[in-house]
$ cat query.txt   # compact mmCIF, C-alpha atoms
# COMPACT_ATOMS: atom_id res chain seq x y z
CA MET A 28 -93.54 32.67 -18.96
CA LEU A 29 -94.13 34.47 -15.67
CA ARG A 30 -93.75 32.17 -12.69
CA ARG A 31 -96.18 32.07 -9.80
CA TRP A 32 -95.13 34.30 -6.93
CA GLU A 33 -94.35 31.34 -4.67
CA ASP A 34 -92.11 29.84 -7.35
CA LEU A 35 -89.83 32.86 -7.66
CA PRO A 36 -86.29 32.61 -6.28
CA ASP A 37 -86.03 33.68 -2.65
CA PHE A 38 -84.02 36.80 -3.48
CA MET A 39 -86.87 38.05 -5.70
CA ARG A 40 -89.80 37.42 -3.33
CA THR A 41 -89.53 40.82 -1.66
CA PRO A 42 -91.95 43.71 -1.04
CA GLU A 43 -90.04 45.78 -3.60
CA VAL A 44 -90.61 43.24 -6.38
CA ARG A 45 -94.24 42.30 -5.57
CA PRO A 46 -95.91 45.34 -7.27
CA TYR A 47 -94.07 44.66 -10.53
CA TRP A 48 -95.00 40.96 -10.44
CA GLU A 49 -98.67 41.86 -9.91
CA ILE A 50 -98.59 44.18 -12.95
CA LEU A 51 -97.14 41.46 -15.17
CA ASN A 52 -99.42 38.81 -13.69
CA LYS A 53 -102.40 40.78 -15.02
CA ARG A 54 -100.81 40.90 -18.48
CA ARG A 55 -99.86 37.27 -18.98
CA GLY A 56 -101.62 37.21 -22.34
CA GLN A 57 -99.44 40.00 -23.64
CA MET A 58 -96.35 38.22 -22.33
CA ILE A 59 -97.34 35.14 -24.36
CA THR A 60 -97.78 37.35 -27.43
CA LYS A 61 -94.36 38.85 -26.75
CA ARG A 62 -92.71 35.41 -26.68
CA VAL A 63 -94.45 34.22 -29.85
CA PHE A 64 -93.38 37.42 -31.62
CA ASP A 65 -89.79 37.02 -30.40
CA LEU A 66 -89.58 33.43 -31.58
CA VAL A 67 -91.12 33.95 -35.02
CA VAL A 68 -89.27 37.17 -35.85
CA SER A 69 -85.89 35.93 -34.55
CA ILE A 70 -86.08 32.81 -36.75
CA LEU A 71 -86.98 34.94 -39.79
CA LEU A 72 -84.15 37.37 -39.01
CA LEU A 73 -81.67 34.54 -38.65
CA ILE A 74 -82.55 33.33 -42.14
CA ILE A 75 -82.33 36.84 -43.62
CA LEU A 76 -79.14 37.82 -41.80
CA LEU A 77 -77.22 34.58 -42.23
CA ILE A 78 -75.10 35.82 -45.16
CA PRO A 79 -74.47 39.35 -43.76
CA MET A 80 -73.44 37.80 -40.44
CA ALA A 81 -71.05 35.46 -42.25
CA ILE A 82 -69.46 38.46 -44.01
CA ILE A 83 -69.07 40.31 -40.70
CA ALA A 84 -67.46 37.19 -39.20
CA VAL A 85 -64.86 37.17 -41.99
CA TRP A 86 -64.12 40.89 -41.44
CA ILE A 87 -63.55 40.29 -37.74
CA LYS A 88 -61.14 37.43 -38.39
CA LEU A 89 -59.19 39.48 -40.93
CA ASP A 90 -59.07 42.52 -38.65
CA SER A 91 -57.65 40.99 -35.47
CA ARG A 92 -56.72 37.75 -33.77
CA GLY A 93 -59.27 35.99 -31.64
CA PRO A 94 -62.71 34.36 -31.87
CA VAL A 95 -65.52 35.82 -33.96
CA LEU A 96 -67.99 35.77 -31.09
CA TYR A 97 -67.73 37.28 -27.61
CA ARG A 98 -69.40 35.06 -24.99
CA GLN A 99 -69.47 36.87 -21.65
CA GLU A 100 -71.58 35.52 -18.79
CA ARG A 101 -74.69 37.62 -18.15
CA ILE A 102 -77.85 37.39 -16.04
CA THR A 103 -81.40 37.01 -17.33
CA THR A 104 -84.81 35.85 -16.06
CA TYR A 105 -84.96 34.83 -12.39
CA GLY A 106 -81.21 35.20 -12.04
CA LYS A 107 -80.32 32.58 -14.66
CA HIS A 108 -76.73 32.74 -15.90
CA PHE A 109 -76.16 32.51 -19.65
CA ARG A 110 -73.40 33.33 -22.10
CA ILE A 111 -74.49 36.09 -24.45
CA HIS A 112 -73.75 35.95 -28.20
CA LYS A 113 -72.11 39.09 -29.60
CA PHE A 114 -69.68 39.76 -32.38
CA ARG A 115 -66.27 40.44 -30.85
CA THR A 116 -65.48 44.15 -31.08
CA MET A 117 -62.45 44.22 -28.78
CA VAL A 118 -59.08 42.57 -28.66
CA SER A 119 -59.08 38.99 -27.44
CA ASN A 120 -59.42 38.63 -23.62
CA ALA A 121 -60.46 42.29 -23.28
CA ASP A 122 -62.49 41.52 -20.15
CA LYS A 123 -59.27 40.43 -18.41
CA ILE A 124 -57.47 43.70 -19.10
CA GLY A 125 -60.20 46.19 -18.28
CA THR A 126 -63.70 46.79 -16.97
CA ALA A 127 -66.96 45.10 -18.07
CA VAL A 128 -68.18 48.41 -19.52
CA THR A 129 -66.43 50.42 -22.20
CA VAL A 130 -65.56 54.09 -22.49
CA GLY A 131 -65.48 56.28 -25.58
CA ASN A 132 -61.74 56.06 -26.19
CA ASP A 133 -61.33 52.44 -25.06
CA SER A 134 -58.08 51.18 -26.55
CA ARG A 135 -59.38 47.61 -26.48
CA ILE A 136 -61.88 48.27 -29.30
CA THR A 137 -60.70 47.07 -32.70
CA ARG A 138 -61.00 48.99 -35.97
CA ILE A 139 -63.88 46.87 -37.26
CA GLY A 140 -65.30 46.70 -33.75
CA ALA A 141 -65.76 50.46 -33.62
CA LYS A 142 -67.85 50.36 -36.80
CA LEU A 143 -69.94 47.45 -35.57
CA ARG A 144 -70.61 49.17 -32.26
CA HIS A 145 -71.62 52.44 -33.93
CA LEU A 146 -74.31 50.64 -35.96
CA ARG A 147 -75.04 48.11 -33.18
CA LEU A 148 -74.31 45.30 -35.62
CA ASP A 149 -72.29 43.55 -32.93
CA GLU A 150 -75.60 42.54 -31.35
CA LEU A 151 -76.95 40.62 -34.37
CA PRO A 152 -75.90 37.18 -33.00
CA GLN A 153 -78.22 37.78 -30.06
CA VAL A 154 -81.01 36.38 -32.24
CA PHE A 155 -79.68 33.01 -31.02
CA ASP A 156 -80.31 34.11 -27.42
CA VAL A 157 -83.83 35.24 -28.33
CA ILE A 158 -84.58 31.87 -29.93
CA ASN A 159 -83.24 30.12 -26.81
CA GLY A 160 -85.52 32.24 -24.61
CA ASP A 161 -82.65 33.81 -22.67
CA MET A 162 -83.36 37.19 -24.26
CA SER A 163 -86.15 39.16 -25.91
CA PHE A 164 -86.04 41.91 -28.50
CA VAL A 165 -87.10 44.42 -25.83
CA GLY A 166 -86.15 44.25 -22.18
CA THR A 167 -83.54 45.31 -19.64
CA ARG A 168 -80.06 44.88 -21.11
CA PRO A 169 -78.36 41.86 -19.51
CA GLU A 170 -75.77 42.98 -17.00
CA ALA A 171 -72.51 41.28 -16.10
CA VAL A 172 -72.67 39.15 -12.96
CA LYS A 173 -70.63 41.56 -10.83
CA TYR A 174 -73.11 44.37 -11.45
CA VAL A 175 -76.19 42.25 -10.73
CA GLU A 176 -74.61 41.26 -7.42
CA ARG A 177 -74.82 44.94 -6.45
CA TYR A 178 -78.49 45.38 -7.42
CA LYS A 179 -80.80 47.07 -4.97
CA PRO A 180 -83.84 44.87 -4.11
CA GLU A 181 -86.13 46.80 -6.47
CA TYR A 182 -83.78 46.33 -9.40
CA THR A 183 -84.30 42.56 -9.27
CA ALA A 184 -87.83 43.17 -10.57
CA THR A 185 -86.23 43.53 -14.01
CA LEU A 186 -85.40 39.81 -13.79
CA LEU A 187 -89.10 38.95 -14.00
CA MET A 188 -88.74 39.24 -17.77
CA PRO A 189 -86.03 38.11 -20.20
CA ALA A 190 -83.11 40.44 -20.80
CA GLY A 191 -83.46 42.49 -23.97
CA ILE A 192 -81.49 43.45 -27.05
CA THR A 193 -82.85 46.98 -26.69
CA SER A 194 -84.90 49.06 -24.25
CA GLU A 195 -85.88 52.62 -23.49
CA ALA A 196 -82.85 52.80 -21.20
CA SER A 197 -80.62 51.65 -24.06
CA ILE A 198 -82.03 54.39 -26.28
CA ARG A 199 -81.50 57.09 -23.67
CA TYR A 200 -78.02 55.86 -22.80
CA LYS A 201 -76.82 54.78 -26.23
CA ASP A 202 -73.67 56.86 -25.65
CA GLU A 203 -72.96 55.72 -22.10
CA ASP A 204 -69.36 54.94 -23.08
CA LYS A 205 -68.85 58.68 -23.57
CA LEU A 206 -70.41 59.40 -20.17
CA LEU A 207 -67.86 57.09 -18.55
CA ASN A 208 -64.95 58.44 -20.55
CA ARG A 209 -63.64 60.72 -17.81
CA ALA A 210 -64.31 58.44 -14.85
CA ASP A 211 -61.33 57.46 -12.71
CA ASP A 212 -63.12 54.33 -11.48
CA VAL A 213 -65.38 53.23 -14.34
CA ASP A 214 -67.02 50.34 -12.46
CA GLU A 215 -67.88 52.46 -9.44
CA VAL A 216 -69.25 55.35 -11.50
CA TYR A 217 -71.34 52.92 -13.56
CA VAL A 218 -72.89 51.26 -10.48
CA SER A 219 -73.43 54.43 -8.46
CA GLN A 220 -74.48 56.87 -11.18
CA VAL A 221 -75.29 55.32 -14.57
CA LEU A 222 -77.02 52.10 -13.48
CA PRO A 223 -79.55 53.82 -11.16
CA GLU A 224 -80.62 56.16 -13.97
CA LYS A 225 -80.98 53.29 -16.41
CA MET A 226 -82.99 51.34 -13.85
CA LYS A 227 -85.52 54.17 -13.59
CA TRP A 228 -86.33 53.59 -17.27
CA ASN A 229 -86.23 49.79 -16.92
CA LEU A 230 -88.62 49.73 -13.99
CA GLU A 231 -90.93 52.26 -15.62
CA SER A 232 -91.04 50.00 -18.69
CA ILE A 233 -92.33 47.16 -16.51
CA ARG A 234 -94.95 49.39 -14.90
CA ARG A 235 -96.16 50.42 -18.37
CA PHE A 236 -95.65 47.08 -20.07
CA ARG A 237 -97.71 46.61 -23.21
CA PHE A 238 -96.75 44.53 -26.24
CA LEU A 239 -97.47 47.42 -28.62
CA ARG A 240 -95.24 49.73 -26.55
CA GLU A 241 -92.40 47.28 -27.10
CA ILE A 242 -92.94 47.39 -30.86
CA LEU A 243 -92.70 51.19 -30.61
CA THR A 244 -89.43 50.84 -28.66
CA MET A 245 -88.01 48.74 -31.49
CA PHE A 246 -88.82 51.47 -34.02
CA ARG A 247 -87.36 54.10 -31.69
CA THR A 248 -84.17 52.04 -31.46
CA VAL A 249 -83.77 52.06 -35.23
CA ALA A 250 -84.28 55.84 -35.24
CA ALA A 251 -81.69 56.23 -32.45
CA VAL A 252 -79.13 54.17 -34.37
CA LEU A 253 -79.74 56.39 -37.40
CA GLY A 254 -78.96 59.45 -35.29
CA LYS A 255 -82.16 60.64 -33.61
CA ASP A 256 -81.57 61.99 -30.10
CA TYR A 257 -84.30 61.14 -27.55
CA ASN A 258 -82.70 62.99 -24.63
$ encode --input "query.txt" --output "structure tokens"
Amino acid sequence: MLRRWEDLPDFMRTPEVRPYWEILNKRRGQMITKRVFDLVVSILLLIILLIPMAIIAVWIKLDSRGPVLYRQERITTYGKHFRIHKFRTMVSNADKIGTAVTVGNDSRITRIGAKLRHLRLDELPQVFDVINGDMSFVGTRPEAVKYVERYKPEYTATLLMPAGITSEASIRYKDEDKLLNRADDVDEVYVSQVLPEKMKWNLESIRRFRFLREILTMFRTVAAVLGKDYN
């Protein structure tokens, strides 16, 4: 739940974050509804998806060496560090031989991984993170630590709420790997060009936060995965 202003971490108690906190403070009831929805639906999904996830796990093991899950450290509410659950779609130790973001022709992506990424099935294990409270179905995608360390003060307002599996920014930038495909310095281009554009959508989502709007975002995500272009 939303903390009191005086209980926020020092790095978040800034003039840039205050307006966003005040918006959410007036909508605490909807934030409670959001958490109840996340918890109930994620438990139901876990039960429904248990067998399909087991099948995907077998495919991953047969396709390439390495663990089934990818557990990279990410940042969520109030700057908390957690290890995200995702199906591994790259070769083992991919984060040690490349950037934290991927490009369209990334050689680290496995054959099965490419299919999982296309349908966003690699994110199914994140239901565990939703149950734990580290993530929500809708919210700012959790960034790697090195990118959060370069946040502008206003960007930290996105840490007032749990990181999300999907968001309006995710829908608009579902093909960001293609945008980064020609970059000489992928990390720098991501931080200086892609991240600021995504943050415009993330911050606007906080300003316009409503539980029913988040349900709409979930439906729009499904449509985007099926091929609808929202740009």
$ residues_around --input "query.txt" --residues "Ala190 of chain A" --least-positions-apart "2" --cutoff "9 Å" --atoms "only C-alpha atoms" --output "list in words"
Ile102, Thr103, Thr104, Asp161, Met162, Ser163, Phe164, Val165, Gly166, Thr167, Arg168, Pro169, Glu170, Thr185, Leu186, Met188, Ile192 and Thr193 of chain A
$ closest_residue --input "query.txt" --among "A:Arg110, A:Asp37, A:Phe238, A:Leu148" --to "Ile82 of chain A" --atoms "all atoms listed in the file"
A:Leu148
$ residues_around --input "query.txt" --residues "Trp32 of chain A" --least-positions-apart "5" --cutoff "12 Å" --atoms "all atoms listed in the file" --output "number ranges by chain"
A: 37-42, 44-49, 51-52, 105, 187
$ residues_near_point --input "query.txt" --point "(-98.3, 38.3, -26.6)" --cutoff "12 Å" --atoms "all atoms listed in the file" --output "ChimeraX atom specification"
/A:28,51,54-67,236-242
$ atom_distance --input "query.txt" --atom1 "atom CA of Val213 of chain A" --atom2 "atom CA of Gly106 of chain A"
24.1 Å
$ decode --input "query.txt" --residues "segment 49-179 of chain A" --atoms "C-alpha atoms" --output "PDB file, in the first residue's frame"
ATOM      1  CA  GLU A  49      -0.796  13.337  -3.749  1.00  0.00           C
ATOM      2  CA  ILE A  50      -2.731  11.896  -6.716  1.00  0.00           C
ATOM      3  CA  LEU A  51      -2.299   8.339  -5.454  1.00  0.00           C
ATOM      4  CA  ASN A  52      -2.988   9.364  -1.864  1.00  0.00           C
ATOM      5  CA  LYS A  53      -6.478  10.447  -2.946  1.00  0.00           C
ATOM      6  CA  ARG A  54      -7.035   7.073  -4.617  1.00  0.00           C
ATOM      7  CA  ARG A  55      -5.956   4.704  -1.867  1.00  0.00           C
ATOM      8  CA  GLY A  56      -9.220   2.785  -2.162  1.00  0.00           C
ATOM      9  CA  GLN A  57      -8.540   2.009  -5.797  1.00  0.00           C
ATOM     10  CA  MET A  58      -5.002   0.934  -4.929  1.00  0.00           C
ATOM     11  CA  ILE A  59      -6.436  -1.562  -2.424  1.00  0.00           C
ATOM     12  CA  THR A  60      -8.802  -2.851  -5.118  1.00  0.00           C
ATOM     13  CA  LYS A  61      -5.828  -3.152  -7.467  1.00  0.00           C
ATOM     14  CA  ARG A  62      -3.892  -5.294  -4.961  1.00  0.00           C
ATOM     15  CA  VAL A  63      -6.858  -7.567  -4.210  1.00  0.00           C
ATOM     16  CA  PHE A  64      -7.416  -8.055  -7.947  1.00  0.00           C
ATOM     17  CA  ASP A  65      -3.725  -8.818  -8.510  1.00  0.00           C
ATOM     18  CA  LEU A  66      -3.634 -11.384  -5.730  1.00  0.00           C
ATOM     19  CA  VAL A  67      -6.840 -13.223  -6.641  1.00  0.00           C
ATOM     20  CA  VAL A  68      -6.247 -13.292 -10.401  1.00  0.00           C
ATOM     21  CA  SER A  69      -2.561 -14.266 -10.120  1.00  0.00           C
ATOM     22  CA  ILE A  70      -3.422 -17.264  -7.910  1.00  0.00           C
ATOM     23  CA  LEU A  71      -6.131 -18.364 -10.360  1.00  0.00           C
ATOM     24  CA  LEU A  72      -3.747 -17.933 -13.302  1.00  0.00           C
ATOM     25  CA  LEU A  73      -1.058 -19.938 -11.554  1.00  0.00           C
ATOM     26  CA  ILE A  74      -3.480 -22.845 -11.175  1.00  0.00           C
ATOM     27  CA  ILE A  75      -4.634 -22.592 -14.806  1.00  0.00           C
ATOM     28  CA  LEU A  76      -1.160 -22.129 -16.279  1.00  0.00           C
ATOM     29  CA  LEU A  77       0.694 -24.692 -14.194  1.00  0.00           C
ATOM     30  CA  ILE A  78       0.685 -27.400 -16.898  1.00  0.00           C
ATOM     31  CA  PRO A  79       1.415 -25.049 -19.857  1.00  0.00           C
ATOM     32  CA  MET A  80       4.299 -23.538 -17.879  1.00  0.00           C
ATOM     33  CA  ALA A  81       5.665 -27.006 -17.169  1.00  0.00           C
ATOM     34  CA  ILE A  82       5.571 -27.809 -20.903  1.00  0.00           C
ATOM     35  CA  ILE A  83       7.394 -24.559 -21.731  1.00  0.00           C
ATOM     36  CA  ALA A  84      10.008 -25.410 -19.093  1.00  0.00           C
ATOM     37  CA  VAL A  85      10.675 -28.757 -20.796  1.00  0.00           C
ATOM     38  CA  TRP A  86      11.000 -27.041 -24.212  1.00  0.00           C
ATOM     39  CA  ILE A  87      13.557 -24.616 -22.809  1.00  0.00           C
ATOM     40  CA  LYS A  88      15.652 -27.414 -21.303  1.00  0.00           C
ATOM     41  CA  LEU A  89      15.577 -29.385 -24.550  1.00  0.00           C
ATOM     42  CA  ASP A  90      16.442 -26.323 -26.638  1.00  0.00           C
ATOM     43  CA  SER A  91      19.568 -25.085 -24.857  1.00  0.00           C
ATOM     44  CA  ARG A  92      21.749 -25.532 -21.813  1.00  0.00           C
ATOM     45  CA  GLY A  93      21.053 -23.499 -18.726  1.00  0.00           C
ATOM     46  CA  PRO A  94      18.332 -22.889 -16.130  1.00  0.00           C
ATOM     47  CA  VAL A  95      14.651 -22.696 -17.043  1.00  0.00           C
ATOM     48  CA  LEU A  96      14.159 -19.363 -15.297  1.00  0.00           C
ATOM     49  CA  TYR A  97      16.014 -16.081 -15.726  1.00  0.00           C
ATOM     50  CA  ARG A  98      16.385 -14.232 -12.400  1.00  0.00           C
ATOM     51  CA  GLN A  99      17.845 -10.784 -13.017  1.00  0.00           C
ATOM     52  CA  GLU A 100      17.848  -8.180 -10.248  1.00  0.00           C
ATOM     53  CA  ARG A 101      15.284  -5.424 -10.828  1.00  0.00           C
ATOM     54  CA  ILE A 102      13.845  -2.478  -8.900  1.00  0.00           C
ATOM     55  CA  THR A 103      10.270  -2.120  -7.678  1.00  0.00           C
ATOM     56  CA  THR A 104       8.300  -0.129  -5.080  1.00  0.00           C
ATOM     57  CA  TYR A 105      10.306   2.403  -3.051  1.00  0.00           C
ATOM     58  CA  GLY A 106      13.549   1.204  -4.606  1.00  0.00           C
ATOM     59  CA  LYS A 107      13.278  -2.378  -3.345  1.00  0.00           C
ATOM     60  CA  HIS A 108      15.564  -4.849  -5.122  1.00  0.00           C
ATOM     61  CA  PHE A 109      14.047  -8.162  -6.199  1.00  0.00           C
ATOM     62  CA  ARG A 110      14.884 -10.953  -8.612  1.00  0.00           C
ATOM     63  CA  ILE A 111      12.300 -11.152 -11.367  1.00  0.00           C
ATOM     64  CA  HIS A 112      10.909 -14.504 -12.583  1.00  0.00           C
ATOM     65  CA  LYS A 113      11.030 -14.972 -16.363  1.00  0.00           C
ATOM     66  CA  PHE A 114      11.449 -17.948 -18.619  1.00  0.00           C
ATOM     67  CA  ARG A 115      14.993 -17.914 -19.989  1.00  0.00           C
ATOM     68  CA  THR A 116      14.951 -16.847 -23.632  1.00  0.00           C
ATOM     69  CA  MET A 117      18.691 -16.320 -24.099  1.00  0.00           C
ATOM     70  CA  VAL A 118      21.800 -18.388 -23.785  1.00  0.00           C
ATOM     71  CA  SER A 119      23.010 -18.963 -20.247  1.00  0.00           C
ATOM     72  CA  ASN A 120      24.841 -15.955 -18.705  1.00  0.00           C
ATOM     73  CA  ALA A 121      23.600 -13.661 -21.495  1.00  0.00           C
ATOM     74  CA  ASP A 122      23.722 -10.626 -19.195  1.00  0.00           C
ATOM     75  CA  LYS A 123      27.486 -11.119 -18.850  1.00  0.00           C
ATOM     76  CA  ILE A 124      28.109 -11.039 -22.595  1.00  0.00           C
ATOM     77  CA  GLY A 125      25.907  -8.134 -23.617  1.00  0.00           C
ATOM     78  CA  THR A 126      23.615  -5.315 -22.529  1.00  0.00           C
ATOM     79  CA  ALA A 127      20.587  -5.504 -20.194  1.00  0.00           C
ATOM     80  CA  VAL A 128      18.279  -4.701 -23.125  1.00  0.00           C
ATOM     81  CA  THR A 129      17.980  -6.717 -26.307  1.00  0.00           C
ATOM     82  CA  VAL A 130      17.981  -5.746 -29.963  1.00  0.00           C
ATOM     83  CA  GLY A 131      16.049  -7.282 -32.833  1.00  0.00           C
ATOM     84  CA  ASN A 132      18.852  -9.482 -34.142  1.00  0.00           C
ATOM     85  CA  ASP A 133      20.355 -10.322 -30.733  1.00  0.00           C
ATOM     86  CA  SER A 134      22.437 -13.454 -31.194  1.00  0.00           C
ATOM     87  CA  ARG A 135      21.955 -14.371 -27.540  1.00  0.00           C
ATOM     88  CA  ILE A 136      18.260 -15.232 -28.060  1.00  0.00           C
ATOM     89  CA  THR A 137      17.590 -18.957 -28.385  1.00  0.00           C
ATOM     90  CA  ARG A 138      15.290 -20.585 -30.938  1.00  0.00           C
ATOM     91  CA  ILE A 139      12.534 -21.275 -28.407  1.00  0.00           C
ATOM     92  CA  GLY A 140      13.277 -17.945 -26.737  1.00  0.00           C
ATOM     93  CA  ALA A 141      12.377 -16.025 -29.885  1.00  0.00           C
ATOM     94  CA  LYS A 142       8.954 -17.682 -29.980  1.00  0.00           C
ATOM     95  CA  LEU A 143       8.328 -17.049 -26.292  1.00  0.00           C
ATOM     96  CA  ARG A 144       9.297 -13.397 -26.631  1.00  0.00           C
ATOM     97  CA  HIS A 145       7.057 -12.879 -29.665  1.00  0.00           C
ATOM     98  CA  LEU A 146       4.010 -14.087 -27.702  1.00  0.00           C
ATOM     99  CA  ARG A 147       5.291 -12.662 -24.391  1.00  0.00           C
ATOM    100  CA  LEU A 148       5.017 -16.117 -22.856  1.00  0.00           C
ATOM    101  CA  ASP A 149       8.410 -15.614 -21.225  1.00  0.00           C
ATOM    102  CA  GLU A 150       6.672 -13.367 -18.703  1.00  0.00           C
ATOM    103  CA  LEU A 151       4.225 -15.993 -17.394  1.00  0.00           C
ATOM    104  CA  PRO A 152       6.360 -16.834 -14.307  1.00  0.00           C
ATOM    105  CA  GLN A 153       5.927 -13.243 -13.167  1.00  0.00           C
ATOM    106  CA  VAL A 154       2.654 -14.366 -11.568  1.00  0.00           C
ATOM    107  CA  PHE A 155       4.935 -15.419  -8.682  1.00  0.00           C
ATOM    108  CA  ASP A 156       6.183 -11.825  -8.405  1.00  0.00           C
ATOM    109  CA  VAL A 157       2.603 -10.529  -8.430  1.00  0.00           C
ATOM    110  CA  ILE A 158       1.638 -12.921  -5.630  1.00  0.00           C
ATOM    111  CA  ASN A 159       4.692 -11.783  -3.643  1.00  0.00           C
ATOM    112  CA  GLY A 160       3.667  -8.145  -4.089  1.00  0.00           C
ATOM    113  CA  ASP A 161       6.844  -7.177  -5.935  1.00  0.00           C
ATOM    114  CA  MET A 162       4.877  -6.675  -9.151  1.00  0.00           C
ATOM    115  CA  SER A 163       1.380  -5.919 -10.400  1.00  0.00           C
ATOM    116  CA  PHE A 164      -0.353  -6.840 -13.636  1.00  0.00           C
ATOM    117  CA  VAL A 165      -0.179  -3.187 -14.714  1.00  0.00           C
ATOM    118  CA  GLY A 166       2.605  -0.783 -13.853  1.00  0.00           C
ATOM    119  CA  THR A 167       5.967   0.552 -14.981  1.00  0.00           C
ATOM    120  CA  ARG A 168       8.125  -2.308 -16.252  1.00  0.00           C
ATOM    121  CA  PRO A 169      10.856  -3.080 -13.699  1.00  0.00           C
ATOM    122  CA  GLU A 170      14.185  -1.740 -14.891  1.00  0.00           C
ATOM    123  CA  ALA A 171      17.630  -3.165 -14.267  1.00  0.00           C
ATOM    124  CA  VAL A 172      19.521  -1.533 -11.405  1.00  0.00           C
ATOM    125  CA  LYS A 173      21.985   0.304 -13.656  1.00  0.00           C
ATOM    126  CA  TYR A 174      19.160   2.095 -15.459  1.00  0.00           C
ATOM    127  CA  VAL A 175      17.325   3.091 -12.275  1.00  0.00           C
ATOM    128  CA  GLU A 176      20.572   4.602 -10.993  1.00  0.00           C
ATOM    129  CA  ARG A 177      20.349   7.045 -13.912  1.00  0.00           C
ATOM    130  CA  TYR A 178      16.719   8.055 -13.294  1.00  0.00           C
ATOM    131  CA  LYS A 179      15.859  11.731 -13.270  1.00  0.00           C
TER     132      LYS A 179
END
